[in-house]
>>> print(open('data-v9.cif').read())   # mmCIF, C-alpha atoms
data_my_file
#
loop_
_atom_site.label_atom_id
_atom_site.label_comp_id
_atom_site.auth_asym_id
_atom_site.auth_seq_id
_atom_site.Cartn_x
_atom_site.Cartn_y
_atom_site.Cartn_z
CA MET A 1 -8.00 -34.08 -13.03
CA ASP A 2 -5.56 -35.40 -15.61
CA LYS A 3 -3.38 -37.52 -13.33
CA ASP A 4 -0.74 -38.22 -16.00
CA THR A 5 -0.25 -34.51 -16.72
CA ILE A 6 -0.12 -33.72 -13.02
CA ALA A 7 2.45 -36.45 -12.41
CA GLU A 8 4.57 -35.10 -15.28
CA HIS A 9 4.52 -31.57 -13.90
CA ARG A 10 5.45 -32.81 -10.42
CA ASP A 11 8.86 -33.70 -11.78
CA PHE A 12 9.69 -30.00 -11.69
CA LEU A 13 9.62 -30.23 -7.88
CA LYS A 14 12.30 -32.93 -7.87
CA ASP A 15 16.06 -32.53 -8.24
CA SER A 16 16.40 -35.43 -10.66
CA LEU A 17 17.33 -33.14 -13.55
CA ARG A 18 20.62 -32.18 -11.91
CA GLN A 19 21.92 -35.75 -12.32
CA THR A 20 21.56 -35.50 -16.11
CA ILE A 21 23.61 -32.31 -16.50
CA ASN A 22 27.29 -32.22 -17.36
CA PHE A 23 28.34 -29.13 -15.44
CA ARG A 24 31.67 -28.98 -17.29
CA PHE A 25 29.76 -27.35 -20.13
CA THR A 26 28.12 -24.55 -18.16
CA ASP A 27 29.08 -21.01 -19.08
CA GLN A 28 30.80 -20.72 -15.71
CA HIS A 29 33.09 -23.69 -16.43
CA GLN A 30 33.68 -22.46 -19.98
CA GLY A 31 35.26 -19.33 -18.50
CA ILE A 32 32.54 -16.92 -19.62
CA GLU A 33 32.27 -13.83 -17.44
CA PRO A 34 29.28 -13.90 -15.06
CA PRO A 35 26.38 -11.53 -15.65
CA PRO A 36 26.38 -8.38 -13.50
CA VAL A 37 24.89 -8.26 -10.01
CA GLN A 38 22.26 -5.73 -11.09
CA LYS A 39 20.95 -4.12 -14.25
CA PRO A 40 22.84 -0.85 -14.56
CA PRO A 41 20.81 2.35 -14.70
CA LEU A 42 20.60 4.14 -18.02
CA PRO A 43 22.94 7.13 -18.42
CA GLU A 44 20.03 9.55 -18.34
CA GLN A 45 18.52 8.08 -15.15
CA LYS A 46 19.24 9.99 -11.96
CA LEU A 47 19.77 8.00 -8.78
CA ILE A 48 17.46 8.64 -5.84
CA ASP A 49 19.53 7.98 -2.73
CA LEU A 50 17.75 6.01 0.00
CA PRO A 51 18.04 6.43 3.78
CA GLY A 52 20.54 4.05 5.34
CA GLN A 53 20.72 2.19 8.63
CA GLU A 54 21.37 5.36 10.62
CA GLU A 55 17.74 6.30 9.92
CA TRP A 56 16.30 2.90 10.84
CA VAL A 57 16.69 3.26 14.60
CA ASP A 58 12.94 3.11 15.15
CA PHE A 59 12.78 -0.26 13.38
CA ARG A 60 15.23 -1.96 15.73
CA GLY A 61 14.17 -4.06 18.69
CA THR A 62 11.46 -6.06 16.95
CA ASP A 63 11.22 -9.41 18.72
CA LEU A 64 11.83 -12.24 16.27
CA LEU A 65 9.38 -14.58 18.01
CA ASP A 66 6.68 -11.93 17.84
CA ALA A 67 7.44 -11.16 14.21
CA ILE A 68 7.16 -14.81 13.21
CA ASN A 69 4.05 -15.36 15.31
CA ASN A 70 2.30 -12.21 14.04
CA ARG A 71 3.24 -12.67 10.41
CA GLU A 72 0.21 -13.16 8.18
CA SER A 73 -1.01 -12.10 4.76
CA HIS A 74 -2.79 -8.74 4.64
CA ARG A 75 -5.13 -7.72 1.83
CA ARG A 76 -6.57 -4.62 3.49
CA PHE A 77 -4.48 -1.55 4.16
CA LYS A 78 -5.09 1.67 6.04
CA ALA A 79 -5.11 4.92 4.12
CA GLY A 80 -1.80 6.69 4.32
CA SER A 81 1.71 6.65 2.95
CA LEU A 82 4.96 4.90 3.70
CA THR A 83 8.02 6.97 4.49
CA LEU A 84 11.10 6.75 2.32
CA ALA A 85 13.03 5.37 5.31
CA GLU A 86 10.46 2.57 5.72
CA LEU A 87 10.66 1.72 2.04
CA ALA A 88 14.46 1.75 2.14
CA PHE A 89 14.45 -0.64 5.11
CA LEU A 90 12.15 -3.08 3.28
CA LEU A 91 14.32 -2.96 0.16
CA TRP A 92 17.50 -3.61 2.11
CA SER A 93 15.80 -6.43 4.04
CA THR A 94 14.82 -8.20 0.84
CA GLN A 95 17.70 -7.59 -1.58
CA GLY A 96 20.28 -5.48 0.26
CA ILE A 97 23.95 -6.14 -0.39
CA LYS A 98 26.22 -6.76 2.60
CA ALA A 99 29.41 -7.33 0.63
CA GLU A 100 30.46 -7.62 -3.01
CA LEU A 101 32.53 -10.72 -3.73
CA ALA A 102 34.10 -11.71 -7.02
CA SER A 103 32.79 -10.31 -10.28
CA GLY A 104 29.06 -10.94 -10.65
CA SER A 105 28.33 -12.04 -7.09
CA ALA A 106 27.49 -10.45 -3.75
CA LEU A 107 26.39 -11.44 -0.28
CA ARG A 108 22.86 -10.22 0.37
CA THR A 109 20.35 -10.25 3.19
CA VAL A 110 18.71 -13.37 1.72
CA PRO A 111 20.18 -16.71 0.63
CA SER A 112 20.45 -17.71 -3.02
CA ALA A 113 21.59 -20.90 -4.74
CA GLY A 114 25.22 -20.43 -5.73
CA CYS A 115 25.04 -16.79 -4.62
CA ARG A 116 23.47 -15.98 -7.99
CA HIS A 117 20.51 -13.74 -6.94
CA ALA A 118 18.52 -13.71 -10.17
CA PHE A 119 16.11 -10.91 -9.25
CA GLU A 120 15.45 -7.26 -9.92
CA THR A 121 13.08 -5.37 -7.60
CA TYR A 122 10.55 -3.01 -9.14
CA LEU A 123 8.27 -0.78 -7.11
CA LEU A 124 4.81 0.31 -8.21
CA VAL A 125 4.53 3.46 -6.13
CA SER A 126 1.33 5.38 -5.52
CA ASN A 127 1.81 6.81 -2.02
CA VAL A 128 5.38 6.97 -0.72
CA GLU A 129 6.59 10.23 0.76
CA GLY A 130 8.92 12.06 -1.58
CA LEU A 131 8.26 9.84 -4.62
CA LYS A 132 6.11 10.57 -7.65
CA THR A 133 3.52 8.03 -8.75
CA GLY A 134 5.22 5.59 -11.07
CA ILE A 135 7.49 2.60 -11.48
CA TYR A 136 10.89 2.51 -9.81
CA ARG A 137 13.72 -0.03 -9.67
CA TYR A 138 16.01 -0.74 -6.73
CA LEU A 139 19.77 -0.58 -7.19
CA PRO A 140 21.18 -2.65 -4.31
CA ILE A 141 24.82 -1.78 -4.98
CA GLU A 142 24.16 1.95 -4.55
CA HIS A 143 21.19 1.46 -2.19
CA ALA A 144 19.25 3.81 -4.43
CA LEU A 145 16.26 3.96 -6.75
CA VAL A 146 15.87 4.90 -10.37
CA LEU A 147 12.58 6.07 -11.82
CA GLU A 148 11.70 3.84 -14.74
CA LYS A 149 8.62 5.87 -15.68
CA GLU A 150 5.98 8.12 -14.18
CA ASP A 151 2.46 6.77 -14.57
CA GLU A 152 -0.55 8.61 -13.16
CA ASP A 153 -2.79 5.74 -14.30
CA LEU A 154 -0.80 3.10 -12.41
CA VAL A 155 -3.57 2.39 -9.87
CA LYS A 156 -6.03 1.75 -12.71
CA LYS A 157 -3.67 -0.62 -14.49
CA LEU A 158 -2.91 -2.86 -11.51
CA PRO A 159 -6.23 -4.75 -11.13
CA PRO A 160 -6.30 -5.99 -14.75
CA ALA A 161 -2.63 -6.95 -14.49
CA THR A 162 -3.32 -8.93 -11.30
CA LEU A 163 -6.40 -10.78 -12.54
CA GLY A 164 -8.85 -8.52 -10.71
CA GLN A 165 -7.11 -8.54 -7.32
CA THR A 166 -8.01 -4.95 -6.47
CA PHE A 167 -6.18 -4.93 -3.12
CA THR A 168 -2.90 -4.66 -5.08
CA ALA A 169 -3.99 -1.19 -6.19
CA ALA A 170 -4.98 -0.13 -2.67
CA ALA A 171 -1.44 -0.42 -1.29
CA PRO A 172 0.89 2.60 -1.29
CA VAL A 173 3.57 0.44 -2.91
CA THR A 174 3.66 -2.95 -4.57
CA PHE A 175 6.93 -4.86 -4.81
CA VAL A 176 7.33 -6.73 -8.10
CA TRP A 177 10.25 -9.08 -8.57
CA THR A 178 11.47 -10.06 -11.99
CA ALA A 179 13.87 -12.86 -12.75
CA ILE A 180 16.85 -12.58 -15.07
CA PRO A 181 17.30 -16.37 -15.39
CA TYR A 182 20.73 -16.26 -16.99
CA ARG A 183 22.30 -15.10 -13.72
CA THR A 184 21.58 -18.57 -12.34
CA GLU A 185 21.69 -20.47 -15.64
CA TRP A 186 25.30 -19.29 -16.03
CA ARG A 187 26.18 -21.71 -13.21
CA TYR A 188 23.42 -24.36 -13.28
CA THR A 189 21.96 -24.34 -16.84
CA THR A 190 18.51 -25.98 -16.79
CA ALA A 191 18.77 -26.85 -13.09
CA ALA A 192 18.56 -23.10 -12.42
CA HIS A 193 14.83 -22.66 -12.78
CA ARG A 194 13.76 -24.74 -9.81
CA VAL A 195 16.12 -22.98 -7.42
CA ILE A 196 15.18 -19.53 -8.74
CA LEU A 197 11.65 -20.10 -7.48
CA MET A 198 12.99 -21.29 -4.12
CA ASP A 199 15.06 -18.14 -3.87
CA ILE A 200 12.14 -15.79 -4.47
CA GLY A 201 10.37 -17.42 -1.52
CA HIS A 202 13.28 -16.41 0.72
CA VAL A 203 12.99 -12.83 -0.53
CA CYS A 204 9.27 -12.53 0.11
CA GLN A 205 9.48 -14.08 3.58
CA ASN A 206 12.03 -11.43 4.52
CA LEU A 207 9.53 -8.82 3.33
CA TYR A 208 6.82 -10.31 5.56
CA LEU A 209 9.07 -10.20 8.62
CA ALA A 210 10.50 -6.75 7.87
CA CYS A 211 6.95 -5.40 7.54
CA GLU A 212 6.35 -6.39 11.16
CA ALA A 213 9.10 -3.96 12.21
CA ILE A 214 7.37 -0.97 10.59
CA GLY A 215 3.76 -1.74 11.52
CA SER A 216 2.87 -2.79 8.01
CA GLY A 217 1.72 -5.90 6.21
CA THR A 218 2.01 -7.59 2.86
CA CYS A 219 0.64 -10.48 0.82
CA GLY A 220 2.59 -12.53 -1.67
CA VAL A 221 0.83 -12.66 -5.04
CA ALA A 222 1.69 -15.35 -7.57
CA ALA A 223 -1.42 -14.97 -9.76
CA TYR A 224 -1.19 -12.24 -12.39
CA ASN A 225 -1.46 -11.66 -16.13
CA GLN A 226 2.09 -12.37 -17.27
CA GLY A 227 1.90 -10.28 -20.41
CA LEU A 228 0.30 -7.25 -18.77
CA MET A 229 2.69 -7.26 -15.81
CA ASP A 230 5.77 -7.53 -18.02
CA GLN A 231 4.42 -4.79 -20.27
CA LEU A 232 3.70 -2.56 -17.27
CA LEU A 233 7.29 -2.94 -16.04
CA GLY A 234 8.76 -2.57 -19.51
CA VAL A 235 10.60 -5.93 -19.51
CA ASP A 236 10.87 -8.21 -22.52
CA GLY A 237 9.19 -11.32 -21.04
CA VAL A 238 11.98 -13.57 -22.31
CA ASP A 239 15.30 -12.68 -20.70
CA GLU A 240 13.54 -10.85 -17.85
CA PHE A 241 10.01 -11.42 -16.60
CA THR A 242 7.78 -11.11 -13.55
CA VAL A 243 7.88 -14.01 -11.09
CA TYR A 244 6.25 -12.69 -7.88
CA MET A 245 4.78 -9.58 -6.33
CA ALA A 246 3.65 -8.25 -2.96
CA PRO A 247 1.67 -5.09 -2.06
CA VAL A 248 2.72 -3.34 1.16
CA GLY A 249 0.76 -0.96 3.36
CA LYS A 250 -0.03 0.00 6.92
CA CYS A 251 -2.32 -2.42 8.80
#
>>> encode(input="data-v9.cif", output="C-alpha cells")
Amino acid sequence: MDKDTIAEHRDFLKDSLRQTINFRFTDQHQGIEPPPVQKPPLPEQKLIDLPGQEEWVDFRGTDLLDAINNRESHRRFKAGSLTLAELAFLLWSTQGIKAELASGSALRTVPSAGCRHAFETYLLVSNVEGLKTGIYRYLPIEHALVLEKEDEDLVKKLPPATLGQTFTAAAPVTFVWTAIPYRTEWRYTTAAHRVILMDIGHVCQNLYLACEAIGSGTCGVAAYNQGLMDQLLGVDGVDEFTVYMAPVGKC
C-alpha cells in the first residue's frame, strides 16, 4: 500500500477543511436563492400518485428492537412483486417530507446537515404491481412518482452497471440515489461533500429498517460503474450523479 496516498485521502474523513472556509462568501450568505427541494417534473410527465399512510396500517406495530436486531444485508430475494403501497412506504421512510419550511428546505424522515437534503431517489422497477418496467423518480413534495423512461432491457443493463453484481437485477426494485451537490454547497461550499456522504447513510439505514416492516430486505451497494449508472438514469454526471443504491425484495 502507498501509505502517503492513503494518509492524504484520510483527510477527507476529518472536519479540518471547515476551519479554512470563510462562510460569509457562501451563496447562502450572499443572498442567492436556495436550490429547490426537488427536481420538478417535466411538463409532459404525468404524476403517479402513491398510497399514503391510510394504506400502511399493516406496516404498523413493528418492534424497533426486533427491526434493529434482525436488520442485515440481503442479496437473495424471493420471486414475486412488491405492492405499490409497500413501495410508497419505503419511499416515505427514506425521503418523505413531513413539513416544508422556508424556500428550498423541508423537514424529512431522515436527518440532513443544514436541512439541505441533496438527494433524488430513482427507482429501477422490474416487478412492482401497477408499474411498467422502467426508471422512475420520487417526488417527495407530492408523494408521487414520475416515469423517466420505460426500459424492457433494464434487467440486462443492471449487472454491467453494478460491476457484475447480478443480485441487483434479481430484485423487483432497486433504489438509486443521486446527489445534487449544490443543494448543500449553497450553504457549506467545499465542506458540503463530506456531510453529503454522511447523509446518504442515514437514508439507507432507514430503508433497511423500513424493509423489516414489510417482510423485505435490502443491501446497500456502493460499488458500481459511475458512467454506466449515470447514463442509465439519464443524469449528467457533473451537477447530478449516482452516490449509492440498494436493491429491495422479499426475503
>>> resolve_selection(input="data-v9.cif", expression="the PyMOL selection byres ((chain A and resi 99) around 12)", output="list in words")
Val37, Gln95, Gly96, Ile97, Lys98, Glu100, Leu101, Ala102, Ser103, Gly104, Ser105, Ala106, Leu107, Arg108, Thr109, Cys115, Pro140, Ile141 and Glu142 of chain A
>>> closest_residue(input="data-v9.cif", among="A:Ala222, A:Ala79, A:Ile214, A:Val243", to="A:Leu197", atoms="only C-alpha atoms")
A:Val243
>>> residues_around(input="data-v9.cif", residues="stretch 234-241 of chain A", least_positions_apart="6", cutoff="6 Å", atoms="only C-alpha atoms", output="list in words")
Thr178, Ala179 and Ile180 of chain A
>>> write_last_selection(input="data-v9.cif", atoms="C-alpha atoms", output="compact mmCIF listing (two decimals), keeping the file's coordinate frame")
# COMPACT_ATOMS: atom_id res chain seq x y z
CA THR A 178 11.47 -10.06 -11.99
CA ALA A 179 13.87 -12.86 -12.75
CA ILE A 180 16.85 -12.58 -15.07
>>> residues_around(input="data-v9.cif", residues="A:Val110", least_positions_apart="6", cutoff="8 Å", atoms="all atoms listed in the file", output="PyMOL selection string")
chain A and resi 93-95+202-203+206
>>> residues_around(input="data-v9.cif", residues="A:Ala85", least_positions_apart="4", cutoff="8 Å", atoms="only C-alpha atoms", output="MDAnalysis selection string")
chainID A and resid 50:52 55:56 89
>>> residues_around(input="data-v9.cif", residues="A:Tyr122", least_positions_apart="4", cutoff="7 Å", atoms="all atoms listed in the file", output="ChimeraX atom specification")
/A:135-138,175-177
>>> atom_distance(input="data-v9.cif", atom1="atom CA of A:Glu8", atom2="atom CA of A:Pro181")
22.6 Å
>>> closest_residue(input="data-v9.cif", among="A:Trp92, A:Leu65, A:Ile48, A:Ala113", to="A:His193", atoms="only C-alpha atoms")
A:Ala113
>>> residues_around(input="data-v9.cif", residues="A:Tyr224", least_positions_apart="4", cutoff="8 Å", atoms="only C-alpha atoms", output="list in words")
Ala161, Thr162, Leu163 and Met229 of chain A
>>> resolve_selection(input="data-v9.cif", expression="the PyMOL selection byres ((chain A and resi 123-127) around 12)", output="PyMOL selection string")
chain A and resi 78-84+87-88+90-91+120-122+128-139+145-158+168-178+229+232-233+245-250
>>> write_last_selection(input="data-v9.cif", atoms="C-alpha atoms", output="mmCIF file, keeping the file's coordinate frame")
data_model
loop_
_atom_site.group_PDB
_atom_site.id
_atom_site.type_symbol
_atom_site.label_atom_id
_atom_site.label_comp_id
_atom_site.auth_asym_id
_atom_site.auth_seq_id
_atom_site.Cartn_x
_atom_site.Cartn_y
_atom_site.Cartn_z
ATOM 1 C CA LYS A 78 -5.090 1.670 6.040
ATOM 2 C CA ALA A 79 -5.110 4.920 4.120
ATOM 3 C CA GLY A 80 -1.800 6.690 4.320
ATOM 4 C CA SER A 81 1.710 6.650 2.950
ATOM 5 C CA LEU A 82 4.960 4.900 3.700
ATOM 6 C CA THR A 83 8.020 6.970 4.490
ATOM 7 C CA LEU A 84 11.100 6.750 2.320
ATOM 8 C CA LEU A 87 10.660 1.720 2.040
ATOM 9 C CA ALA A 88 14.460 1.750 2.140
ATOM 10 C CA LEU A 90 12.150 -3.080 3.280
ATOM 11 C CA LEU A 91 14.320 -2.960 0.160
ATOM 12 C CA GLU A 120 15.450 -7.260 -9.920
ATOM 13 C CA THR A 121 13.080 -5.370 -7.600
ATOM 14 C CA TYR A 122 10.550 -3.010 -9.140
ATOM 15 C CA VAL A 128 5.380 6.970 -0.720
ATOM 16 C CA GLU A 129 6.590 10.230 0.760
ATOM 17 C CA GLY A 130 8.920 12.060 -1.580
ATOM 18 C CA LEU A 131 8.260 9.840 -4.620
ATOM 19 C CA LYS A 132 6.110 10.570 -7.650
ATOM 20 C CA THR A 133 3.520 8.030 -8.750
ATOM 21 C CA GLY A 134 5.220 5.590 -11.070
ATOM 22 C CA ILE A 135 7.490 2.600 -11.480
ATOM 23 C CA TYR A 136 10.890 2.510 -9.810
ATOM 24 C CA ARG A 137 13.720 -0.030 -9.670
ATOM 25 C CA TYR A 138 16.010 -0.740 -6.730
ATOM 26 C CA LEU A 139 19.770 -0.580 -7.190
ATOM 27 C CA LEU A 145 16.260 3.960 -6.750
ATOM 28 C CA VAL A 146 15.870 4.900 -10.370
ATOM 29 C CA LEU A 147 12.580 6.070 -11.820
ATOM 30 C CA GLU A 148 11.700 3.840 -14.740
ATOM 31 C CA LYS A 149 8.620 5.870 -15.680
ATOM 32 C CA GLU A 150 5.980 8.120 -14.180
ATOM 33 C CA ASP A 151 2.460 6.770 -14.570
ATOM 34 C CA GLU A 152 -0.550 8.610 -13.160
ATOM 35 C CA ASP A 153 -2.790 5.740 -14.300
ATOM 36 C CA LEU A 154 -0.800 3.100 -12.410
ATOM 37 C CA VAL A 155 -3.570 2.390 -9.870
ATOM 38 C CA LYS A 156 -6.030 1.750 -12.710
ATOM 39 C CA LYS A 157 -3.670 -0.620 -14.490
ATOM 40 C CA LEU A 158 -2.910 -2.860 -11.510
ATOM 41 C CA THR A 168 -2.900 -4.660 -5.080
ATOM 42 C CA ALA A 169 -3.990 -1.190 -6.190
ATOM 43 C CA ALA A 170 -4.980 -0.130 -2.670
ATOM 44 C CA ALA A 171 -1.440 -0.420 -1.290
ATOM 45 C CA PRO A 172 0.890 2.600 -1.290
ATOM 46 C CA VAL A 173 3.570 0.440 -2.910
ATOM 47 C CA THR A 174 3.660 -2.950 -4.570
ATOM 48 C CA PHE A 175 6.930 -4.860 -4.810
ATOM 49 C CA VAL A 176 7.330 -6.730 -8.100
ATOM 50 C CA TRP A 177 10.250 -9.080 -8.570
ATOM 51 C CA THR A 178 11.470 -10.060 -11.990
ATOM 52 C CA MET A 229 2.690 -7.260 -15.810
ATOM 53 C CA LEU A 232 3.700 -2.560 -17.270
ATOM 54 C CA LEU A 233 7.290 -2.940 -16.040
ATOM 55 C CA MET A 245 4.780 -9.580 -6.330
ATOM 56 C CA ALA A 246 3.650 -8.250 -2.960
ATOM 57 C CA PRO A 247 1.670 -5.090 -2.060
ATOM 58 C CA VAL A 248 2.720 -3.340 1.160
ATOM 59 C CA GLY A 249 0.760 -0.960 3.360
ATOM 60 C CA LYS A 250 -0.030 0.000 6.920
#
>>> decode(input="data-v9.cif", residues="stretch 75-182 of chain A", atoms="C-alpha atoms", output="PDB file, in the first residue's frame")
ATOM      1  CA  ARG A  75     -28.505 -10.429  -1.645  1.00  0.00           C
ATOM      2  CA  ARG A  76     -31.049 -13.143  -2.390  1.00  0.00           C
ATOM      3  CA  PHE A  77     -34.702 -12.364  -2.951  1.00  0.00           C
ATOM      4  CA  LYS A  78     -37.800 -14.492  -3.367  1.00  0.00           C
ATOM      5  CA  ALA A  79     -39.647 -14.400  -6.657  1.00  0.00           C
ATOM      6  CA  GLY A  80     -42.580 -12.058  -6.552  1.00  0.00           C
ATOM      7  CA  SER A  81     -43.512  -8.411  -6.663  1.00  0.00           C
ATOM      8  CA  LEU A  82     -43.797  -5.539  -4.238  1.00  0.00           C
ATOM      9  CA  THR A  83     -47.111  -3.752  -3.898  1.00  0.00           C
ATOM     10  CA  LEU A  84     -47.392  -0.064  -4.664  1.00  0.00           C
ATOM     11  CA  ALA A  85     -48.304   0.560  -1.014  1.00  0.00           C
ATOM     12  CA  GLU A  86     -45.102  -1.181   0.126  1.00  0.00           C
ATOM     13  CA  LEU A  87     -43.020   0.863  -2.289  1.00  0.00           C
ATOM     14  CA  ALA A  88     -44.729   4.077  -1.192  1.00  0.00           C
ATOM     15  CA  PHE A  89     -43.982   3.287   2.456  1.00  0.00           C
ATOM     16  CA  LEU A  90     -40.284   2.706   1.694  1.00  0.00           C
ATOM     17  CA  LEU A  91     -40.064   5.951  -0.260  1.00  0.00           C
ATOM     18  CA  TRP A  92     -41.691   7.962   2.511  1.00  0.00           C
ATOM     19  CA  SER A  93     -39.451   6.285   5.107  1.00  0.00           C
ATOM     20  CA  THR A  94     -36.311   7.299   3.248  1.00  0.00           C
ATOM     21  CA  GLN A  95     -37.081  10.736   1.772  1.00  0.00           C
ATOM     22  CA  GLY A  96     -40.633  11.627   2.803  1.00  0.00           C
ATOM     23  CA  ILE A  97     -41.428  15.232   3.639  1.00  0.00           C
ATOM     24  CA  LYS A  98     -43.099  15.977   6.967  1.00  0.00           C
ATOM     25  CA  ALA A  99     -43.223  19.750   6.576  1.00  0.00           C
ATOM     26  CA  GLU A 100     -41.978  22.370   4.123  1.00  0.00           C
ATOM     27  CA  LEU A 101     -40.080  25.197   5.788  1.00  0.00           C
ATOM     28  CA  ALA A 102     -38.631  28.275   4.135  1.00  0.00           C
ATOM     29  CA  SER A 103     -37.890  28.294   0.423  1.00  0.00           C
ATOM     30  CA  GLY A 104     -35.630  25.399  -0.546  1.00  0.00           C
ATOM     31  CA  SER A 105     -35.849  23.414   2.688  1.00  0.00           C
ATOM     32  CA  ALA A 106     -38.117  20.811   4.256  1.00  0.00           C
ATOM     33  CA  LEU A 107     -38.235  18.519   7.254  1.00  0.00           C
ATOM     34  CA  ARG A 108     -37.962  14.902   6.155  1.00  0.00           C
ATOM     35  CA  THR A 109     -37.988  11.470   7.735  1.00  0.00           C
ATOM     36  CA  VAL A 110     -34.172  11.457   7.802  1.00  0.00           C
ATOM     37  CA  PRO A 111     -31.663  13.999   9.144  1.00  0.00           C
ATOM     38  CA  SER A 112     -29.502  16.117   6.847  1.00  0.00           C
ATOM     39  CA  ALA A 113     -26.733  18.627   7.518  1.00  0.00           C
ATOM     40  CA  GLY A 114     -28.281  22.082   7.463  1.00  0.00           C
ATOM     41  CA  CYS A 115     -31.590  20.574   6.322  1.00  0.00           C
ATOM     42  CA  ARG A 116     -30.210  20.558   2.784  1.00  0.00           C
ATOM     43  CA  HIS A 117     -31.168  17.010   1.598  1.00  0.00           C
ATOM     44  CA  ALA A 118     -29.039  16.762  -1.529  1.00  0.00           C
ATOM     45  CA  PHE A 119     -30.626  13.615  -2.967  1.00  0.00           C
ATOM     46  CA  GLU A 120     -33.023  12.493  -5.658  1.00  0.00           C
ATOM     47  CA  THR A 121     -34.463   8.965  -5.474  1.00  0.00           C
ATOM     48  CA  TYR A 122     -34.660   6.937  -8.661  1.00  0.00           C
ATOM     49  CA  LEU A 123     -36.294   3.529  -8.868  1.00  0.00           C
ATOM     50  CA  LEU A 124     -35.244   0.798 -11.279  1.00  0.00           C
ATOM     51  CA  VAL A 125     -38.503  -1.120 -11.399  1.00  0.00           C
ATOM     52  CA  SER A 126     -38.923  -4.601 -12.827  1.00  0.00           C
ATOM     53  CA  ASN A 127     -41.692  -6.106 -10.681  1.00  0.00           C
ATOM     54  CA  VAL A 128     -43.880  -3.662  -8.757  1.00  0.00           C
ATOM     55  CA  GLU A 129     -47.631  -4.054  -9.014  1.00  0.00           C
ATOM     56  CA  GLY A 130     -49.175  -1.416 -11.240  1.00  0.00           C
ATOM     57  CA  LEU A 131     -45.878  -0.090 -12.633  1.00  0.00           C
ATOM     58  CA  LYS A 132     -44.318  -0.740 -16.023  1.00  0.00           C
ATOM     59  CA  THR A 133     -40.709  -1.877 -16.231  1.00  0.00           C
ATOM     60  CA  GLY A 134     -38.540   1.211 -16.300  1.00  0.00           C
ATOM     61  CA  ILE A 135     -36.936   4.049 -14.393  1.00  0.00           C
ATOM     62  CA  TYR A 136     -38.996   6.241 -12.086  1.00  0.00           C
ATOM     63  CA  ARG A 137     -38.223   9.206  -9.832  1.00  0.00           C
ATOM     64  CA  TYR A 138     -39.815  10.006  -6.482  1.00  0.00           C
ATOM     65  CA  LEU A 139     -41.380  13.417  -5.916  1.00  0.00           C
ATOM     66  CA  PRO A 140     -41.472  13.806  -2.120  1.00  0.00           C
ATOM     67  CA  ILE A 141     -43.477  17.042  -2.134  1.00  0.00           C
ATOM     68  CA  GLU A 142     -46.377  15.407  -3.989  1.00  0.00           C
ATOM     69  CA  HIS A 143     -45.648  11.895  -2.650  1.00  0.00           C
ATOM     70  CA  ALA A 144     -45.811  10.688  -6.232  1.00  0.00           C
ATOM     71  CA  LEU A 145     -43.712   9.130  -8.977  1.00  0.00           C
ATOM     72  CA  VAL A 146     -42.847  10.213 -12.472  1.00  0.00           C
ATOM     73  CA  LEU A 147     -41.794   7.765 -15.154  1.00  0.00           C
ATOM     74  CA  GLU A 148     -38.437   8.855 -16.512  1.00  0.00           C
ATOM     75  CA  LYS A 149     -38.379   6.156 -19.199  1.00  0.00           C
ATOM     76  CA  GLU A 150     -39.661   2.682 -19.934  1.00  0.00           C
ATOM     77  CA  ASP A 151     -36.896   0.140 -20.473  1.00  0.00           C
ATOM     78  CA  GLU A 152     -37.656  -3.515 -21.160  1.00  0.00           C
ATOM     79  CA  ASP A 153     -33.904  -4.259 -21.127  1.00  0.00           C
ATOM     80  CA  LEU A 154     -33.395  -2.786 -17.660  1.00  0.00           C
ATOM     81  CA  VAL A 155     -32.641  -6.145 -16.003  1.00  0.00           C
ATOM     82  CA  LYS A 156     -29.925  -6.833 -18.590  1.00  0.00           C
ATOM     83  CA  LYS A 157     -28.312  -3.440 -18.079  1.00  0.00           C
ATOM     84  CA  LEU A 158     -28.028  -3.608 -14.284  1.00  0.00           C
ATOM     85  CA  PRO A 159     -25.227  -6.199 -13.864  1.00  0.00           C
ATOM     86  CA  PRO A 160     -22.737  -4.331 -16.098  1.00  0.00           C
ATOM     87  CA  ALA A 161     -23.649  -1.061 -14.375  1.00  0.00           C
ATOM     88  CA  THR A 162     -23.028  -2.638 -10.954  1.00  0.00           C
ATOM     89  CA  LEU A 163     -19.709  -4.295 -11.779  1.00  0.00           C
ATOM     90  CA  GLY A 164     -21.219  -7.757 -12.205  1.00  0.00           C
ATOM     91  CA  GLN A 165     -23.313  -7.795  -9.019  1.00  0.00           C
ATOM     92  CA  THR A 166     -26.165  -9.794 -10.530  1.00  0.00           C
ATOM     93  CA  PHE A 167     -28.319  -9.734  -7.383  1.00  0.00           C
ATOM     94  CA  THR A 168     -29.164  -6.099  -8.193  1.00  0.00           C
ATOM     95  CA  ALA A 169     -31.049  -7.341 -11.251  1.00  0.00           C
ATOM     96  CA  ALA A 170     -32.894 -10.040  -9.289  1.00  0.00           C
ATOM     97  CA  ALA A 171     -34.740  -7.550  -7.075  1.00  0.00           C
ATOM     98  CA  PRO A 172     -38.185  -6.248  -8.072  1.00  0.00           C
ATOM     99  CA  VAL A 173     -36.943  -2.701  -7.467  1.00  0.00           C
ATOM    100  CA  THR A 174     -33.573  -1.075  -6.929  1.00  0.00           C
ATOM    101  CA  PHE A 175     -33.342   2.290  -5.199  1.00  0.00           C
ATOM    102  CA  VAL A 176     -30.683   4.563  -6.701  1.00  0.00           C
ATOM    103  CA  TRP A 177     -29.853   7.838  -5.010  1.00  0.00           C
ATOM    104  CA  THR A 178     -28.216  10.660  -6.873  1.00  0.00           C
ATOM    105  CA  ALA A 179     -26.686  13.729  -5.309  1.00  0.00           C
ATOM    106  CA  ILE A 180     -27.257  17.275  -6.493  1.00  0.00           C
ATOM    107  CA  PRO A 181     -24.267  18.693  -4.584  1.00  0.00           C
ATOM    108  CA  TYR A 182     -25.188  22.343  -4.982  1.00  0.00           C
TER     109      TYR A 182
END
